[in-house]
Structures are given as structure tokens and as C-alpha cells.
file run-v4.txt (compact mmCIF, C-alpha atoms)
# COMPACT_ATOMS: atom_id res chain seq x y z
CA MET A 161 170.14 202.83 186.41
CA ASP A 162 166.51 203.88 186.12
CA PHE A 163 163.86 201.71 184.54
CA LEU A 164 161.12 203.94 183.13
CA ARG A 165 157.76 202.34 182.37
CA PRO A 166 155.48 204.73 180.51
CA THR A 167 152.09 203.28 179.63
CA THR A 168 151.03 205.93 177.10
CA TRP A 169 152.81 207.70 174.24
CA GLU A 170 152.48 211.05 176.05
CA GLU A 171 154.18 209.59 179.12
CA ALA A 172 156.92 208.16 176.94
CA LEU A 173 157.58 211.56 175.31
CA ALA A 174 157.58 213.23 178.71
CA ALA A 175 160.06 210.68 180.06
CA LYS A 176 162.37 211.19 177.06
CA ALA A 177 162.13 214.99 177.38
CA ASP A 178 162.90 214.90 181.10
CA GLN A 179 165.71 212.38 180.72
CA PRO A 180 167.06 212.63 177.16
CA GLU A 181 169.90 210.20 177.94
CA ALA A 182 167.38 207.40 178.61
CA VAL A 183 167.79 204.58 176.09
CA PRO A 184 164.52 203.40 174.54
CA ILE A 185 164.05 199.64 174.62
CA GLN A 186 161.41 197.83 172.56
CA GLY A 187 162.38 194.30 171.48
CA GLY A 188 165.71 194.51 173.29
CA THR A 189 167.52 192.57 170.59
CA ASP A 190 170.23 195.25 170.27
CA VAL A 191 170.02 197.11 173.58
CA MET A 192 170.19 194.02 175.81
CA VAL A 193 173.19 192.60 173.94
CA GLU A 194 175.14 195.77 174.76
CA ILE A 195 174.06 195.68 178.40
CA ASN A 196 174.77 191.94 178.77
CA PHE A 197 178.30 192.49 177.46
CA ASP A 198 178.77 195.70 179.43
CA VAL A 199 179.46 197.64 176.23
CA ARG A 200 176.96 200.21 177.40
CA ARG A 201 175.62 201.12 180.81
CA PRO A 202 172.76 203.57 180.18
CA VAL A 203 171.65 205.77 183.05
CA ALA A 204 168.08 204.81 182.25
CA LEU A 205 166.11 202.34 180.15
CA LEU A 206 162.87 203.62 178.67
CA ASP A 207 160.68 200.55 178.18
CA LEU A 208 158.22 201.13 175.35
CA ASN A 209 156.53 197.71 175.58
CA ARG A 210 153.59 199.10 177.54
CA VAL A 211 152.73 201.73 174.95
CA ALA A 212 150.11 199.66 173.16
CA GLU A 213 149.61 202.00 170.20
CA LEU A 214 153.21 201.42 169.08
CA ARG A 215 152.29 197.82 168.29
CA GLU A 216 149.53 198.78 165.87
CA TRP A 217 149.57 199.23 162.12
CA ASP A 218 146.96 200.91 159.98
CA LEU A 219 146.17 202.07 156.47
CA VAL A 220 145.68 205.86 156.58
CA ASP A 221 144.91 207.79 153.39
CA GLY A 222 146.38 205.03 151.28
CA VAL A 223 149.62 204.88 153.25
CA CYS A 224 150.56 202.03 155.54
CA ARG A 225 151.55 203.31 158.96
CA VAL A 226 153.56 200.74 160.91
CA GLY A 227 153.98 201.44 164.63
CA ALA A 228 157.57 201.44 165.86
CA GLY A 229 156.79 198.48 168.13
CA VAL A 230 155.38 196.15 165.47
CA PRO A 231 157.60 193.04 165.50
CA TYR A 232 159.11 191.62 162.31
CA THR A 233 156.87 188.55 162.64
CA ALA A 234 153.80 190.79 162.21
CA VAL A 235 155.40 192.60 159.25
CA ILE A 236 155.90 189.21 157.59
CA GLU A 237 152.51 187.72 158.44
CA ASP A 238 150.21 190.76 158.25
CA LEU A 239 151.92 193.22 155.92
CA GLY A 240 153.61 190.97 153.34
CA GLY A 241 150.91 191.71 150.75
CA MET A 242 151.19 195.50 151.06
CA LEU A 243 154.87 195.80 151.85
CA PRO A 244 156.53 192.83 150.11
CA GLY A 245 160.06 194.29 150.10
CA LEU A 246 160.02 195.07 153.81
CA ALA A 247 158.48 191.67 154.56
CA GLN A 248 161.15 189.87 152.55
CA ALA A 249 163.88 191.72 154.41
CA SER A 250 162.16 191.05 157.76
CA ARG A 251 162.18 187.36 156.99
CA THR A 252 165.99 187.40 156.89
CA VAL A 253 166.35 189.02 160.32
CA GLY A 254 167.88 186.75 162.99
CA SER A 255 165.78 183.78 164.07
CA PRO A 256 162.07 183.31 164.81
CA GLN A 257 162.76 184.29 168.44
CA ILE A 258 164.46 187.50 167.32
CA ARG A 259 161.74 188.27 164.75
CA ASN A 260 159.12 187.84 167.50
CA ARG A 261 160.70 190.70 169.46
CA GLY A 262 162.73 192.85 167.06
CA THR A 263 161.05 195.77 165.28
CA VAL A 264 161.58 198.04 162.30
CA GLY A 265 161.48 200.94 164.77
CA GLY A 266 164.34 199.39 166.72
CA ASN A 267 166.30 198.83 163.52
CA LEU A 268 165.91 202.55 162.75
CA GLY A 269 166.86 203.53 166.29
CA ALA A 270 170.03 201.43 166.16
CA ALA A 271 170.79 202.74 162.63
CA SER A 272 173.37 200.05 161.93
CA PRO A 273 174.44 200.17 158.28
CA ALA A 274 173.73 196.42 158.24
CA GLY A 275 170.13 196.69 159.45
CA ASP A 276 168.01 194.56 157.14
CA SER A 277 164.98 196.84 157.00
CA HIS A 278 166.84 199.90 155.73
CA PRO A 279 167.26 199.03 152.01
CA PRO A 280 163.55 198.33 151.42
CA LEU A 281 162.58 201.47 153.37
CA LEU A 282 164.84 203.49 151.05
CA ALA A 283 163.52 201.76 147.92
CA THR A 284 159.91 202.54 148.89
CA ASP A 285 160.43 206.20 149.89
CA ALA A 286 159.43 205.42 153.46
CA VAL A 287 158.97 208.31 155.87
CA ILE A 288 159.84 208.04 159.55
CA GLU A 289 157.46 209.69 162.03
CA VAL A 290 159.29 210.96 165.10
CA GLU A 291 157.97 213.07 167.93
CA SER A 292 159.12 215.10 170.90
CA ARG A 293 157.11 216.65 173.68
CA GLY A 294 158.41 220.14 172.96
CA ARG A 295 158.36 220.31 169.17
CA GLY A 296 155.75 217.79 168.16
CA VAL A 297 155.89 215.51 165.12
CA ARG A 298 158.60 215.50 162.45
CA MET A 299 158.28 213.45 159.28
CA ILE A 300 161.75 212.42 158.09
CA PRO A 301 162.25 210.69 154.73
CA ALA A 302 164.28 207.50 155.13
CA ALA A 303 166.96 208.90 152.81
CA ALA A 304 167.54 211.76 155.27
CA PHE A 305 167.30 209.63 158.41
CA TYR A 306 170.66 207.84 158.34
CA LEU A 307 173.52 210.17 159.26
CA GLY A 308 176.46 207.87 159.95
CA VAL A 309 177.46 204.52 161.40
CA LYS A 310 174.84 203.93 164.11
CA ARG A 311 173.83 207.59 163.95
CA ASN A 312 170.39 208.83 162.90
CA ALA A 313 168.50 212.10 162.63
CA LEU A 314 166.74 211.76 166.02
CA GLU A 315 167.16 214.58 168.51
CA PRO A 316 167.86 213.52 172.11
CA ASP A 317 164.28 214.23 173.20
CA GLU A 318 162.65 212.47 170.25
CA LEU A 319 161.24 208.96 169.89
CA ILE A 320 160.39 207.02 166.75
CA LYS A 321 156.64 206.55 166.58
CA ALA A 322 155.96 204.90 163.22
CA VAL A 323 157.12 204.26 159.69
CA HIS A 324 154.94 205.34 156.76
CA VAL A 325 155.21 203.28 153.59
CA LYS A 326 152.96 203.30 150.54
CA PRO A 327 151.59 199.86 149.67
CA ALA A 328 153.54 198.40 146.76
CA SER A 329 152.32 199.49 143.33
CA GLY A 330 154.76 197.09 141.65
CA PRO A 331 157.17 194.26 142.38
CA GLN A 332 159.70 194.66 145.20
CA TYR A 333 162.67 192.45 145.97
CA PHE A 334 165.31 192.18 148.65
CA SER A 335 168.54 190.24 148.48
CA LYS A 336 171.14 189.65 151.15
CA VAL A 337 174.56 188.02 151.20
CA GLY A 338 175.48 186.21 154.40
CA THR A 339 177.92 183.49 155.32
CA ARG A 340 175.09 181.10 156.09
CA ASN A 341 171.40 180.80 155.46
CA ALA A 342 170.01 181.86 158.84
CA MET A 343 170.93 183.97 161.85
CA VAL A 344 173.39 186.11 160.01
CA ILE A 345 174.28 189.79 159.81
CA ALA A 346 174.33 190.99 156.21
CA VAL A 347 177.71 191.09 154.48
CA CYS A 348 175.79 193.39 152.18
CA SER A 349 172.23 193.67 150.94
CA PHE A 350 170.18 195.29 148.23
CA ALA A 351 166.54 196.23 147.68
CA VAL A 352 164.72 197.27 144.55
CA ALA A 353 161.16 198.57 144.08
CA LEU A 354 159.41 199.17 140.78
CA HIS A 355 156.92 202.02 140.73
CA PRO A 356 155.31 201.34 137.32
CA GLU A 357 152.67 204.09 137.38
CA GLU A 358 155.44 206.67 137.82
CA ARG A 359 157.83 204.75 135.59
CA ARG A 360 160.62 204.84 138.09
CA VAL A 361 162.73 202.38 140.02
CA ARG A 362 164.07 202.92 143.53
CA THR A 363 166.99 201.20 145.20
CA GLY A 364 168.47 200.66 148.64
CA ILE A 365 171.98 199.48 149.46
CA GLY A 366 172.72 197.91 152.85
CA SER A 367 175.94 197.21 154.71
CA ALA A 368 178.14 198.59 151.95
CA ALA A 369 178.64 202.20 153.05
CA PRO A 370 178.70 204.10 156.39
CA THR A 371 174.92 204.43 156.07
CA PRO A 372 172.26 202.64 154.09
CA ARG A 373 171.89 204.61 150.86
CA ARG A 374 170.20 204.76 147.48
CA ALA A 375 172.04 204.29 144.18
CA LEU A 376 170.89 207.61 142.72
CA GLU A 377 172.75 207.49 139.41
CA ALA A 378 171.51 203.97 138.79
CA GLU A 379 167.93 205.14 139.45
CA ASP A 380 168.43 208.09 137.06
CA LEU A 381 169.75 205.76 134.38
CA LEU A 382 166.59 203.65 134.50
CA ALA A 383 164.40 206.74 134.59
CA ARG A 384 165.97 207.83 131.31
CA GLU A 385 166.45 204.55 129.49
CA LEU A 386 164.20 201.80 130.81
CA ASP A 387 161.47 201.05 128.29
CA TRP A 388 158.44 199.97 130.31
CA ASP A 389 156.54 198.82 127.23
CA THR A 390 158.93 196.26 125.76
CA PRO A 391 159.20 192.87 127.40
CA ALA A 392 162.95 192.46 127.14
CA LEU A 393 165.13 194.03 129.79
CA ASP A 394 168.06 195.23 127.69
CA PRO A 395 171.13 193.25 128.89
CA ALA A 396 173.44 196.21 128.31
CA LEU A 397 171.17 198.46 130.40
CA LEU A 398 171.06 195.82 133.12
CA ARG A 399 174.86 195.68 133.20
CA ARG A 400 175.13 199.47 133.42
CA PHE A 401 172.54 199.46 136.23
CA GLY A 402 174.59 196.89 138.17
CA ARG A 403 177.79 198.85 137.71
CA LEU A 404 176.20 202.13 138.84
CA CYS A 405 174.73 200.44 141.94
CA ALA A 406 178.15 199.03 142.74
CA ALA A 407 179.69 202.48 142.20
CA ALA A 408 177.24 203.96 144.71
CA ALA A 409 178.57 201.63 147.42
CA ALA A 410 181.48 202.73 149.62
CA PRO A 411 182.22 199.67 151.73
CA ILE A 412 185.05 198.84 154.09
CA ASP A 413 187.02 195.65 154.62
CA ASP A 414 185.92 193.97 157.84
CA VAL A 415 185.51 190.56 159.41
CA ARG A 416 182.41 189.83 157.35
CA GLY A 417 183.84 190.62 153.92
CA THR A 418 186.23 192.71 151.89
CA ALA A 419 185.26 195.98 150.26
CA GLU A 420 186.08 194.51 146.86
CA TYR A 421 183.76 191.56 147.45
CA ARG A 422 180.94 193.80 148.65
CA VAL A 423 181.16 196.03 145.57
CA HIS A 424 181.03 192.94 143.36
CA ALA A 425 178.10 191.49 145.31
CA ILE A 426 176.09 194.73 145.08
CA ASP A 427 176.56 194.63 141.29
CA VAL A 428 175.30 191.03 141.16
CA MET A 429 172.38 191.58 143.55
CA ALA A 430 171.31 194.74 141.74
CA ARG A 431 171.12 192.91 138.40
CA ARG A 432 169.45 189.88 139.98
CA THR A 433 166.76 191.74 141.94
CA LEU A 434 165.95 194.01 139.00
CA THR A 435 165.57 190.93 136.76
CA TRP A 436 163.27 189.24 139.30
CA ALA A 437 161.22 192.40 139.63
CA TRP A 438 161.03 192.95 135.87
CA ASN A 439 159.91 189.37 135.17
CA ASP A 440 157.33 189.75 137.90
CA TYR A 441 156.14 193.02 136.34
CA LEU A 442 155.81 191.39 132.91
CA GLY A 443 153.89 188.49 134.40
CA ARG A 444 151.43 190.83 136.11
CA ARG A 445 151.03 192.90 132.97
CA ALA A 446 150.28 189.78 130.93
CA ALA A 447 147.80 188.48 133.49
CA MET B 173 163.58 197.08 191.72
CA ARG B 174 160.93 194.49 192.29
CA VAL B 175 159.57 192.45 189.35
CA THR B 176 156.39 190.38 189.54
CA PHE B 177 155.15 188.10 186.79
CA THR B 178 153.50 184.75 186.25
CA VAL B 179 155.85 181.84 185.60
CA ASN B 180 154.38 178.51 184.56
CA GLY B 181 151.02 179.53 186.00
CA ARG B 182 152.33 180.78 189.36
CA GLU B 183 152.83 184.38 190.35
CA GLU B 184 156.46 185.02 191.29
CA SER B 185 158.24 188.07 192.60
CA ALA B 186 161.91 188.92 192.59
CA GLU B 187 163.39 191.62 194.80
CA GLY B 188 166.50 193.69 194.24
CA VAL B 189 166.54 193.15 190.50
CA TRP B 190 169.11 195.36 188.73
CA GLU B 191 167.42 197.47 186.04
CA GLY B 192 169.67 196.12 183.29
CA GLU B 193 169.15 192.51 184.31
CA SER B 194 167.71 190.04 181.84
CA LEU B 195 164.64 187.89 182.30
CA LEU B 196 166.96 184.89 181.88
CA TYR B 197 169.04 185.93 184.89
CA VAL B 198 165.94 186.42 187.03
CA LEU B 199 164.57 183.01 186.04
CA ARG B 200 167.80 181.15 186.72
CA GLU B 201 169.45 182.99 189.59
CA ARG B 202 166.53 184.47 191.52
CA LEU B 203 163.64 182.10 190.91
CA GLY B 204 165.61 178.84 190.80
CA LEU B 205 164.48 177.81 187.33
CA PRO B 206 167.70 176.70 185.63
CA GLY B 207 165.99 174.96 182.71
CA SER B 208 166.56 177.89 180.37
CA LYS B 209 170.27 177.85 179.64
CA ASN B 210 172.66 180.78 179.52
CA ALA B 211 175.15 180.48 176.69
CA CYS B 212 175.65 183.43 174.37
CA GLU B 213 173.65 186.27 175.97
CA GLN B 214 173.25 187.86 172.56
CA GLY B 215 170.30 186.03 171.02
CA GLU B 216 172.46 183.85 168.77
CA CYS B 217 172.05 180.42 170.36
CA GLY B 218 168.41 180.13 171.43
CA SER B 219 169.24 178.07 174.53
CA CYS B 220 167.36 180.55 176.75
CA THR B 221 164.12 180.40 174.72
CA VAL B 222 160.94 180.84 176.78
CA TYR B 223 157.38 181.82 175.99
CA LEU B 224 156.56 185.44 176.85
CA ASP B 225 152.79 185.94 176.64
CA GLY B 226 152.67 182.85 174.45
CA VAL B 227 155.41 183.94 172.02
CA PRO B 228 158.88 182.31 172.01
CA VAL B 229 161.64 184.80 172.76
CA CYS B 230 165.27 184.79 173.85
CA SER B 231 164.95 185.52 177.56
CA CYS B 232 168.50 186.91 177.59
CA LEU B 233 167.24 189.81 175.45
CA VAL B 234 164.18 190.66 177.54
CA ALA B 235 164.88 193.20 180.27
CA ALA B 236 163.47 191.76 183.48
CA GLY B 237 161.32 194.85 183.98
CA GLN B 238 159.69 194.24 180.61
CA ALA B 239 158.24 190.99 181.98
CA GLU B 240 156.37 192.81 184.77
CA GLY B 241 152.78 191.56 184.89
CA ARG B 242 153.25 189.23 181.97
CA GLN B 243 153.04 185.46 181.46
CA VAL B 244 156.24 183.47 181.14
CA ARG B 245 156.36 179.77 180.37
CA THR B 246 159.71 178.01 180.61
CA VAL B 247 160.76 174.49 179.68
CA GLU B 248 159.95 173.54 183.27
CA GLY B 249 156.33 174.40 182.53
CA LEU B 250 155.85 172.10 179.54
CA ALA B 251 155.51 168.77 181.35
CA GLU B 252 152.40 168.04 183.38
CA GLY B 253 153.74 166.65 186.62
CA ASP B 254 155.64 163.50 185.70
CA ARG B 255 154.08 163.34 182.25
CA LEU B 256 156.46 164.75 179.67
CA ASP B 257 155.23 166.85 176.79
CA PRO B 258 155.21 164.86 173.51
CA VAL B 259 158.14 166.97 172.28
CA GLN B 260 160.19 166.12 175.37
CA GLU B 261 159.28 162.45 175.07
CA ALA B 262 160.31 162.37 171.41
CA PHE B 263 163.65 164.05 172.22
CA VAL B 264 164.37 161.30 174.75
CA GLU B 265 163.32 158.49 172.45
CA CYS B 266 165.22 159.74 169.41
CA GLY B 267 168.44 160.45 171.30
CA ALA B 268 168.06 164.13 170.37
CA VAL B 269 169.18 165.21 173.82
CA GLN B 270 172.91 164.73 173.17
CA CYS B 271 174.84 166.85 175.72
CA GLY B 272 171.60 168.54 176.73
CA PHE B 273 172.65 172.16 176.82
CA CYS B 274 170.69 173.33 173.78
CA THR B 275 167.80 170.97 174.52
CA PRO B 276 165.53 173.22 176.62
CA GLY B 277 165.57 175.96 173.99
CA LEU B 278 165.01 173.48 171.18
CA VAL B 279 162.14 171.86 173.05
CA VAL B 280 160.37 175.18 173.66
CA GLN B 281 160.88 176.30 170.07
CA ALA B 282 159.74 172.92 168.65
CA HIS B 283 156.77 172.99 171.02
CA ASP B 284 155.74 176.36 169.61
CA LEU B 285 156.16 175.14 166.02
CA LEU B 286 153.85 172.17 166.64
CA GLU B 287 151.29 174.41 168.33
CA ARG B 288 151.11 176.47 165.13
CA VAL B 289 151.74 173.85 162.42
CA GLU B 290 150.40 170.34 162.90
CA ARG B 291 152.65 168.53 160.45
CA PRO B 292 155.52 170.82 159.50
CA SER B 293 157.66 170.09 156.46
CA ASP B 294 161.39 169.61 156.95
CA ALA B 295 161.98 173.10 155.60
CA GLU B 296 159.56 174.52 158.17
CA ILE B 297 161.25 172.59 160.98
CA ARG B 298 164.68 173.80 159.88
CA GLU B 299 163.51 177.40 159.67
CA ALA B 300 161.77 177.24 163.06
CA LEU B 301 164.92 175.86 164.70
CA ALA B 302 167.36 178.13 162.84
CA GLY B 303 167.95 180.20 165.96
CA ASN B 304 168.87 177.23 168.18
CA LEU B 305 172.49 176.19 167.99
CA CYS B 306 173.77 172.72 168.86
CA ARG B 307 177.54 172.27 169.10
CA CYS B 308 177.52 168.51 169.72
CA THR B 309 177.10 166.47 166.59
CA GLY B 310 174.37 167.83 164.42
CA TYR B 311 170.68 168.21 164.02
CA GLU B 312 169.48 164.93 162.48
CA LYS B 313 168.25 163.39 165.72
CA ILE B 314 166.62 166.67 166.66
CA LEU B 315 164.78 166.69 163.32
CA ASP B 316 163.77 163.06 163.91
CA ALA B 317 162.38 164.02 167.30
CA VAL B 318 160.30 166.89 165.94
CA ARG B 319 158.92 164.65 163.17
CA LEU B 320 158.04 161.97 165.72
CA ALA B 321 156.37 164.45 168.07
CA ALA B 322 154.40 165.88 165.15
CA ALA B 323 153.27 162.41 164.05
CA ARG B 324 152.08 161.62 167.59
CA LYS B 325 150.37 164.93 168.19
CA ALA B 326 148.55 164.88 164.85
CA PRO B 327 148.20 161.24 163.83
CA GLY B 328 146.94 160.56 160.35
CA LYS B 329 147.76 164.03 159.07
CA GLU B 330 149.93 164.35 156.00
CA THR B 331 153.06 166.44 155.98
CA VAL B 332 152.60 169.42 153.75
CA ALA B 333 155.70 169.91 151.66
call {"tool": "encode", "arguments": {"input": "run-v4.txt", "output": "C-alpha cells"}}
result
Amino acid sequence: MDFLRPTTWEEALAAKADQPEAVPIQGGTDVMVEINFDVRRPVALLDLNRVAELREWDLVDGVCRVGAGVPYTAVIEDLGGMLPGLAQASRTVGSPQIRNRGTVGGNLGAASPAGDSHPPLLATDAVIEVESRGRGVRMIPAAAFYLGVKRNALEPDELIKAVHVKPASGPQYFSKVGTRNAMVIAVCSFAVALHPEERRVRTGIGSAAPTPRRALEAEDLLARELDWDTPALDPALLRRFGRLCAAAAAPIDDVRGTAEYRVHAIDVMARRTLTWAWNDYLGRRAA
Amino acid sequence: MRVTFTVNGREESAEGVWEGESLLYVLRERLGLPGSKNACEQGECGSCTVYLDGVPVCSCLVAAGQAEGRQVRTVEGLAEGDRLDPVQEAFVECGAVQCGFCTPGLVVQAHDLLERVERPSDAEIREALAGNLCRCTGYEKILDAVRLAAARKAPGKETVA
């Protein structure tokens, strides 16, 4: 096994281009588990810890750019005001030790359907910045990034550089079902983001389909029928929203939960998070 | 490969480290520091918790090569000579040690909590220790120990709920 230690982004891209089978390692919270259990024996590890710029975040032209190496702890502590949905989801990841090392970039690289950061990235129209030495930068919308169970849109010579997310213009909520309160992989999860100035609502479903996905018909329903000017969230509309979110899920039975339970839970979480977000929206409007 | 880093204030080198090897393995098997325990090797139990550049991490999930040139502080580095750290002392006094296997990780994690929060609430203690599993009896004595250590480290301060 090789252990590659680039110190700059250019060196990292060169290393990945020269040895596309090298496995990038940032926080190690997924990669090291597989190595420790001999599930995977990569020919090379590409350590990104020395590439300092990956650990930075910035506000560029009104968009928050979060480096692929920014740990969840920093998302929670530094970005919670701008990216409340992503920060809420980050707070449910593993333990403090895991959140100190794990990153949104790593979550995207692993592309597990259960990754906690995916639903809020979908609900906020996040864009993933990837780069290769040969072809330069590609900007991939989150909705086009997830291709299958643990498969993403990265080419073998590409690395994830950053995630671009607009600061929240309205309330955002994340909800997750797990068998206990901490240190748990999602049975399923759901994110909602209100975008009041555009009068639209975005969703993200986690761990209830082969990939994280949006509930498009549920979003369309609210685009047509949600009245942003009346205080009451119509209970019938809320129920239809929940049902359409549940219908967008395509879960399997596994050790963590049955498909039937997951569909039910997505319905409940969709109604709950939308209600939280709506009440929050009303409160801000009144203030 | 060869990996060199600072452990508990001393520069240490390990030779012949396999590229997929964890920091935990290097600490225990190559540097003779068995304080950090090896239990789950998947970041679930917290018994291998160490400081890496001042931040608590599961050393089983850090590739040894990632520690090159960095500062590691293990449970062995908390006491000053024979004088235990207040967290260690409180664990002994409260009977929080139990079988002892999870203790080093809990001590490091509790140590970090009290460095950041002088008088943590119970909810803050529980959240901080959520990644450290004990399979003996339960966590009450551990919570007692953290409360006692907090009270001694920051006397007179009120707990913020």
C-alpha cells in the first residue's frame, strides 16, 4: 500500500490523476473502519489532511463555500447561523470524537444513502465542486451527485473540493429516526427548507431509497397550493404533503428497519418538519 | 514507512509502520502506550480517544501517517508525574472506574469537556460522553465523577442548565 501525502491541492490532484485507484482519506471515519476490518485493502491512501485550504470555509458572492475537509464540529459551531439545516444534521452525526474528524466532503465521497448531510444538501440546492487535473472544475448539483448505493458522480481522477450552499433565506429543519439518541446510523431521515422569497419548499429524503433524493411531487404540490400569506398551514395540504414525501421513498427492509416503517416515518417526519418550519416562518414574519 | 510525531510532549518515531495502520495500533503496539484501549476499531466505543492537535478523536480511525508531525496526547499524558488530573482523581473517588476498560477514553473526553465548559449541565455531560460506551453497569458514577471534577476545577461556579 502507498501512503500519499500531498501538501497542496495541485499535488493532490496530480496524485489522484497518476493513481486513480488511490482512496482519499480525510477524517478517516469511514475509510479506516473498512481497513481495520479488512473489508477493503486500497493500493494507496491519499491523505488530504495536509491540504490546508480544504479546511477553510468562506462566503463568496453570497454563497457559502465549505471546504471538503471542514469537520462537522466546525459546521455546527461556525456555520449554524448560515446553514441551519446542515448544522442540525451534522449535530446528529456519530459522537463528538467522530464530528471532530468527519466531514461533509467525506460523507459525499462515501455516498451512503444513510449519510446525514445529504438530505439538507438536497433541500438547499447545494452544488458540489469537484476537480481533476486534466479537466478542471465541475460543479455538480447535489441532486445529480448521488448515483446509487455508495456510488457518486465522481470520475476516478476527481476529488471533492468544496460544497456550495446559499445561506438560509428561511427556516430549515432536519429530522432523523434512530434506535437511540446518540451514535446511531439513520433508520431514515428527512430535511426541509423554506425559500420564502421564491415561494418554494425543498425536501431531502435520507436512508429510504438507494440514494438520497428529493420528494419532487411533494415540492410541486406546495409550489401550487401553499398559501404563504395565511397563517394556518392547511391540515389537508399537510397530509397530502406527507403522503407524497412517503411515496417518493423507495426503502428496503434491513436490520435497521422495515420498508413499511420507513415509509410511515418519512410521512410523519415530513409533516413534522414542515410544521416546525412553517411556525418558525410565521414567527419571523410577525417579528 | 516511518512515522514521527509528538506524544505527550516527547518526539517519538515508529519504524516499519504499515500504511493502513491506525494511530491506535502505533501507540499501543509500537510505542508501548497501552492506555488507549482497543475495543471496536470502528469509532463506536470511544475507548481509544486521544487528543490530536488538541482535539479529541478516535485514534482507531486516524491513519498513522496522518499523525506525522502532529501533537498527540494520550491518557498517559494527563497526569503530572504522580499527581493525577482532577478528572482521574474524581473517577477514582466516585468509583467510576468499574472494570476500567472504557475509563481512559472517558477520562480524555471528560477532560476535554471541562477544558471547554467550566460547569457543564447534565445534558452537556451526557452529550459529550455519548461516544464512550461502558458495558459494566451504567453511567451514574461516571456522571458523578465529571460533576465532582467540574466542581473542583471551577469552585464557586454555578452549573448552567
call {"tool": "interface_residues", "arguments": {"input": "run-v4.txt", "of": "chain B", "to": "chain A", "cutoff": "9 Å", "atoms": "only C-alpha atoms", "output": "PyMOL selection string"}}
result
chain B and resi 173+190-194+213-216+218+221+227-230+232-235+237-238+281+299-304
call {"tool": "atom_distance", "arguments": {"input": "run-v4.txt", "atom1": "CA of Asp440 (chain A)", "atom2": "CA of Arg400 (chain A)"}}
result
20.8 Å
call {"tool": "residues_around", "arguments": {"input": "run-v4.txt", "residues": "Glu201 (chain B)", "least_positions_apart": "6", "cutoff": "12 Å", "atoms": "all atoms listed in the file", "output": "number ranges by chain"}}
result
B: 186-187, 189, 193-195, 207-210
call {"tool": "atom_distance", "arguments": {"input": "run-v4.txt", "atom1": "CA of Arg422 (chain A)", "atom2": "CA of His355 (chain A)"}}
result
26.6 Å
call {"tool": "residues_near_point", "arguments": {"input": "run-v4.txt", "point": "(156.9, 196.5, 154.1)", "cutoff": "9 Å", "atoms": "all atoms listed in the file", "output": "tab-separated table (two decimals) with C-alpha atoms, in the coordinates of the input"}}
result
chain	number	residue	atom	x	y	z
A	224	CYS	CA	150.56	202.03	155.54
A	226	VAL	CA	153.56	200.74	160.91
A	235	VAL	CA	155.40	192.60	159.25
A	236	ILE	CA	155.90	189.21	157.59
A	239	LEU	CA	151.92	193.22	155.92
A	240	GLY	CA	153.61	190.97	153.34
A	241	GLY	CA	150.91	191.71	150.75
A	242	MET	CA	151.19	195.50	151.06
A	243	LEU	CA	154.87	195.80	151.85
A	244	PRO	CA	156.53	192.83	150.11
A	245	GLY	CA	160.06	194.29	150.10
A	246	LEU	CA	160.02	195.07	153.81
A	247	ALA	CA	158.48	191.67	154.56
A	248	GLN	CA	161.15	189.87	152.55
A	249	ALA	CA	163.88	191.72	154.41
A	250	SER	CA	162.16	191.05	157.76
A	277	SER	CA	164.98	196.84	157.00
A	280	PRO	CA	163.55	198.33	151.42
A	281	LEU	CA	162.58	201.47	153.37
A	284	THR	CA	159.91	202.54	148.89
A	325	VAL	CA	155.21	203.28	153.59
A	326	LYS	CA	152.96	203.30	150.54
A	327	PRO	CA	151.59	199.86	149.67
A	328	ALA	CA	153.54	198.40	146.76
call {"tool": "axis_aligned_box", "arguments": {"input": "run-v4.txt", "around": "region 197-210 of chain A", "padding_each_side": "4 Å", "output": "lines of an AutoDock Vina configuration file"}}
result
center_x = 166.5
center_y = 199.1
center_z = 179.2
size_x = 33.9
size_y = 21.3
size_z = 15.7
call {"tool": "residues_around", "arguments": {"input": "run-v4.txt", "residues": "region 251-265 of chain B", "least_positions_apart": "5", "cutoff": "12 Å", "atoms": "only C-alpha atoms", "output": "NGL selection string"}}
result
:B and (180-181 or 245-246 or 270-272 or 274-287 or 311-326)
call {"tool": "closest_residue", "arguments": {"input": "run-v4.txt", "among": "A:Trp169, A:Trp436, A:Tyr306, A:Phe334", "to": "Ala228 (chain A)", "atoms": "all atoms listed in the file"}}
result
A:Trp169
call {"tool": "build_atoms", "arguments": {"input": "run-v4.txt", "residues": "region 178-190 of chain B", "atoms": "N, CA and C atoms", "output": "PDB file, in the coordinates of the input"}}
result
ATOM      1  N   THR B 178     153.979 186.124 186.105  1.00  0.00           N
ATOM      2  CA  THR B 178     153.500 184.750 186.250  1.00  0.00           C
ATOM      3  C   THR B 178     154.441 183.809 185.512  1.00  0.00           C
ATOM      4  N   VAL B 179     154.964 182.820 186.228  1.00  0.00           N
ATOM      5  CA  VAL B 179     155.850 181.840 185.600  1.00  0.00           C
ATOM      6  C   VAL B 179     155.205 180.463 185.714  1.00  0.00           C
ATOM      7  N   ASN B 180     154.976 179.846 184.590  1.00  0.00           N
ATOM      8  CA  ASN B 180     154.380 178.510 184.560  1.00  0.00           C
ATOM      9  C   ASN B 180     153.117 178.448 185.436  1.00  0.00           C
ATOM     10  N   GLY B 181     152.312 179.510 185.321  1.00  0.00           N
ATOM     11  CA  GLY B 181     151.020 179.530 186.000  1.00  0.00           C
ATOM     12  C   GLY B 181     151.061 180.033 187.431  1.00  0.00           C
ATOM     13  N   ARG B 182     152.252 180.320 187.960  1.00  0.00           N
ATOM     14  CA  ARG B 182     152.330 180.780 189.360  1.00  0.00           C
ATOM     15  C   ARG B 182     152.884 182.179 189.425  1.00  0.00           C
ATOM     16  N   GLU B 183     152.291 183.034 190.228  1.00  0.00           N
ATOM     17  CA  GLU B 183     152.830 184.380 190.350  1.00  0.00           C
ATOM     18  C   GLU B 183     154.122 184.344 191.162  1.00  0.00           C
ATOM     19  N   GLU B 184     155.154 184.983 190.622  1.00  0.00           N
ATOM     20  CA  GLU B 184     156.460 185.020 191.290  1.00  0.00           C
ATOM     21  C   GLU B 184     156.922 186.460 191.380  1.00  0.00           C
ATOM     22  N   SER B 185     157.662 186.747 192.441  1.00  0.00           N
ATOM     23  CA  SER B 185     158.240 188.070 192.600  1.00  0.00           C
ATOM     24  C   SER B 185     159.722 187.947 192.845  1.00  0.00           C
ATOM     25  N   ALA B 186     160.478 188.871 192.287  1.00  0.00           N
ATOM     26  CA  ALA B 186     161.910 188.920 192.590  1.00  0.00           C
ATOM     27  C   ALA B 186     162.234 190.304 193.107  1.00  0.00           C
ATOM     28  N   GLU B 187     163.002 190.344 194.183  1.00  0.00           N
ATOM     29  CA  GLU B 187     163.390 191.620 194.800  1.00  0.00           C
ATOM     30  C   GLU B 187     164.818 191.963 194.417  1.00  0.00           C
ATOM     31  N   GLY B 188     165.109 193.262 194.446  1.00  0.00           N
ATOM     32  CA  GLY B 188     166.500 193.690 194.240  1.00  0.00           C
ATOM     33  C   GLY B 188     167.018 193.410 192.842  1.00  0.00           C
ATOM     34  N   VAL B 189     166.120 193.404 191.880  1.00  0.00           N
ATOM     35  CA  VAL B 189     166.540 193.150 190.500  1.00  0.00           C
ATOM     36  C   VAL B 189     167.215 194.410 189.937  1.00  0.00           C
ATOM     37  N   TRP B 190     168.419 194.238 189.372  1.00  0.00           N
ATOM     38  CA  TRP B 190     169.110 195.360 188.730  1.00  0.00           C
ATOM     39  C   TRP B 190     168.363 195.717 187.449  1.00  0.00           C
TER      40      TRP B 190
END
